[in-house]
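Chemist: The structure's right below; bear with me while I get my questions together.
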Amino acid sequence: MMNSGQNLDLTNYKNQVLLIDFWATWCPPCKQSMPFLNALRNEFLDKGFEIIAINVDEDSQDAQSFLEKYPVDYQVAYDERGDCPAKYDVKAMPSSYFIDRQGKLRYVHLGFRHADETEIRTRVLELLQESR
Amino acid sequence: MFWNIQYSRASLVLLIVFSVLMLEGCSVAPWERGNLAKKQMLIVPNPNRTALRQHVFDSKESSQGGMGSAGGGCGCN
């Protein structure tokens, strides 16, 4: 994880709806999506929604500097070895992976435009409404 | 002699085909485009300045086209 140096363990998020977001500072749509994702996360946090952002910058300092200027409330992890996006088969930047309470990947959203906000919100709500 | 020329031509063709096929291995993954996204990697680093210069050039040369810009000829637009 950024700052703490700990490894990300997805088992800590059991029974939660998870959005895993791949982003980088060189990707303008990624940066545009962050205020929206942060607000969405804070709105549904008490209903069991969490976001984990995985930064894929070559230099983690770029992400650190960006996050100091524009902080977010959710956890940001840094992919040190750079093999995480390949494992998730990331097709575009940003890419958001929606994982349900059972830990199953349910939907992948590629890219980000402000017009996508309604769809992302609807997907999250649908997953939150499913039984635990 | 004839055989040697034919042989060298075939080798050349094979080399070209192989080189073209190898170009397909140059793909860049979406998450590896940090350096490509830098400003200095743009083909047109300053689009506004380029558009202005192209507009002036079109007007002065009484010509236009190929760049998608409007105007030209009288130098008044």
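Every chain in the structure tokens takes a letter, A first, then B, and so on in the order presented; its residues are numbered from 1, and the ligands are numbered from 1 following the presented order.
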List as a PyMOL selection string the protein and nucleic acid residues near A:Glu130, meaning an atom at most 9 Å away when only C-alpha atoms are counted, but skip any in the same chain fewer than 4 places from it.
Modeler: chain A and resi 100-101+125-126
Chemist: Taking only C-alpha atoms into account, find every residue of chain B that has an atom no more than 12 Å from chain A, and write it out as an MDAnalysis selection string.
Modeler: chainID B and resid 28:39
Chemist: Determine which residues of chain A DSSP labels as strand (DSSP E) from the backbone of this structure, then write them out as a PyMOL selection string.
Modeler: chain A and resi 17-23+49-55+75-78+95-99+105-110
Chemist: Any chance you can output those residues with C-alpha atoms as a JSON list (two decimals), in the first residue's frame?
Modeler:
```
[["chain", "number", "residue", "atom", "x", "y", "z"],
["A", 17, "VAL", "CA", -18.50, -4.82, -2.69],
["A", 18, "LEU", "CA", -15.12, -3.87, -4.05],
["A", 19, "LEU", "CA", -14.11, -1.63, -6.90],
["A", 20, "ILE", "CA", -10.51, -2.11, -7.99],
["A", 21, "ASP", "CA", -9.36, 0.82, -10.04],
["A", 22, "PHE", "CA", -6.18, 0.83, -12.11],
["A", 23, "TRP", "CA", -4.88, 4.34, -12.57],
["A", 49, "PHE", "CA", -18.59, -0.58, -0.44],
["A", 50, "GLU", "CA", -14.88, 0.00, -0.75],
["A", 51, "ILE", "CA", -12.50, 1.13, -3.44],
["A", 52, "ILE", "CA", -8.89, 0.07, -3.89],
["A", 53, "ALA", "CA", -6.88, 2.01, -6.40],
["A", 54, "ILE", "CA", -3.81, 0.38, -7.91],
["A", 55, "ASN", "CA", -1.29, 2.82, -9.25],
["A", 75, "GLN", "CA", -6.68, 2.85, -0.16],
["A", 76, "VAL", "CA", -4.13, 3.29, -2.90],
["A", 77, "ALA", "CA", -1.74, 0.47, -3.67],
["A", 78, "TYR", "CA", 1.38, 0.66, -5.81],
["A", 95, "SER", "CA", -10.04, 0.18, -15.71],
["A", 96, "SER", "CA", -12.46, -0.52, -12.90],
["A", 97, "TYR", "CA", -13.17, -4.06, -11.71],
["A", 98, "PHE", "CA", -16.40, -4.58, -9.77],
["A", 99, "ILE", "CA", -16.20, -7.46, -7.31],
["A", 105, "LEU", "CA", -15.60, -10.39, -10.60],
["A", 106, "ARG", "CA", -18.90, -9.16, -11.99],
["A", 107, "TYR", "CA", -18.16, -6.30, -14.31],
["A", 108, "VAL", "CA", -15.28, -4.38, -15.84],
["A", 109, "HIS", "CA", -15.60, -0.74, -16.79],
["A", 110, "LEU", "CA", -13.05, 0.55, -19.27]]
```
Chemist: Could you find all residues in stretch 6-131 of chain A that DSSP calls alpha helix (DSSP H) from the backbone, and write them as a PyMOL selection string?
Modeler: chain A and resi 28-44+60-69+84-87+117-129
Chemist: Just write the chosen residues, C-alpha atoms, as a compact mmCIF listing (two decimals), in the first residue's frame.
Modeler:
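File written: out-v8.txt
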```txt
# COMPACT_ATOMS: atom_id res chain seq x y z
CA PRO A 28 -6.07 12.30 -17.54
CA PRO A 29 -9.34 10.29 -17.39
CA CYS A 30 -7.94 8.41 -14.38
CA LYS A 31 -7.42 11.67 -12.55
CA GLN A 32 -10.85 12.93 -13.60
CA SER A 33 -12.48 9.84 -12.14
CA MET A 34 -10.93 10.13 -8.71
CA PRO A 35 -13.13 12.84 -7.16
CA PHE A 36 -16.22 10.95 -8.34
CA LEU A 37 -14.95 7.61 -7.05
CA ASN A 38 -14.01 9.18 -3.74
CA ALA A 39 -17.49 10.66 -3.31
CA LEU A 40 -19.11 7.37 -4.33
CA ARG A 41 -16.98 5.44 -1.86
CA ASN A 42 -17.82 7.79 1.00
CA GLU A 43 -21.53 7.70 0.13
CA PHE A 44 -21.78 3.89 0.24
CA SER A 60 5.65 5.77 -7.33
CA GLN A 61 6.83 9.25 -6.37
CA ASP A 62 4.64 10.66 -9.18
CA ALA A 63 1.61 9.13 -7.51
CA GLN A 64 2.70 10.26 -4.06
CA SER A 65 3.05 13.85 -5.24
CA PHE A 66 -0.34 13.73 -6.97
CA LEU A 67 -2.07 12.28 -3.92
CA GLU A 68 -0.55 14.92 -1.68
CA LYS A 69 -2.20 17.57 -3.85
CA CYS A 84 -0.68 -6.88 -11.56
CA PRO A 85 -2.34 -5.24 -14.62
CA ALA A 86 -1.33 -8.19 -16.80
CA LYS A 87 -2.92 -10.61 -14.33
CA GLU A 117 -20.89 8.15 -13.64
CA THR A 118 -24.54 7.08 -13.64
CA GLU A 119 -23.70 3.64 -14.97
CA ILE A 120 -20.93 3.08 -12.42
CA ARG A 121 -23.19 4.21 -9.62
CA THR A 122 -25.98 1.91 -10.80
CA ARG A 123 -23.63 -1.08 -10.96
CA VAL A 124 -22.39 -0.44 -7.44
CA LEU A 125 -25.94 -0.09 -6.14
CA GLU A 126 -26.99 -3.33 -7.82
CA LEU A 127 -24.13 -5.22 -6.21
CA LEU A 128 -24.79 -3.64 -2.82
CA GLN A 129 -28.43 -4.70 -2.95
```
Chemist: For atom CA of B:Met41 and atom CA of A:Phe112, determine how far apart the two atoms are, in Å to one decimal place.
Modeler: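 Value for the atom CA of B:Met41-atom CA of A:Phe112 distance: 23.0 Å.
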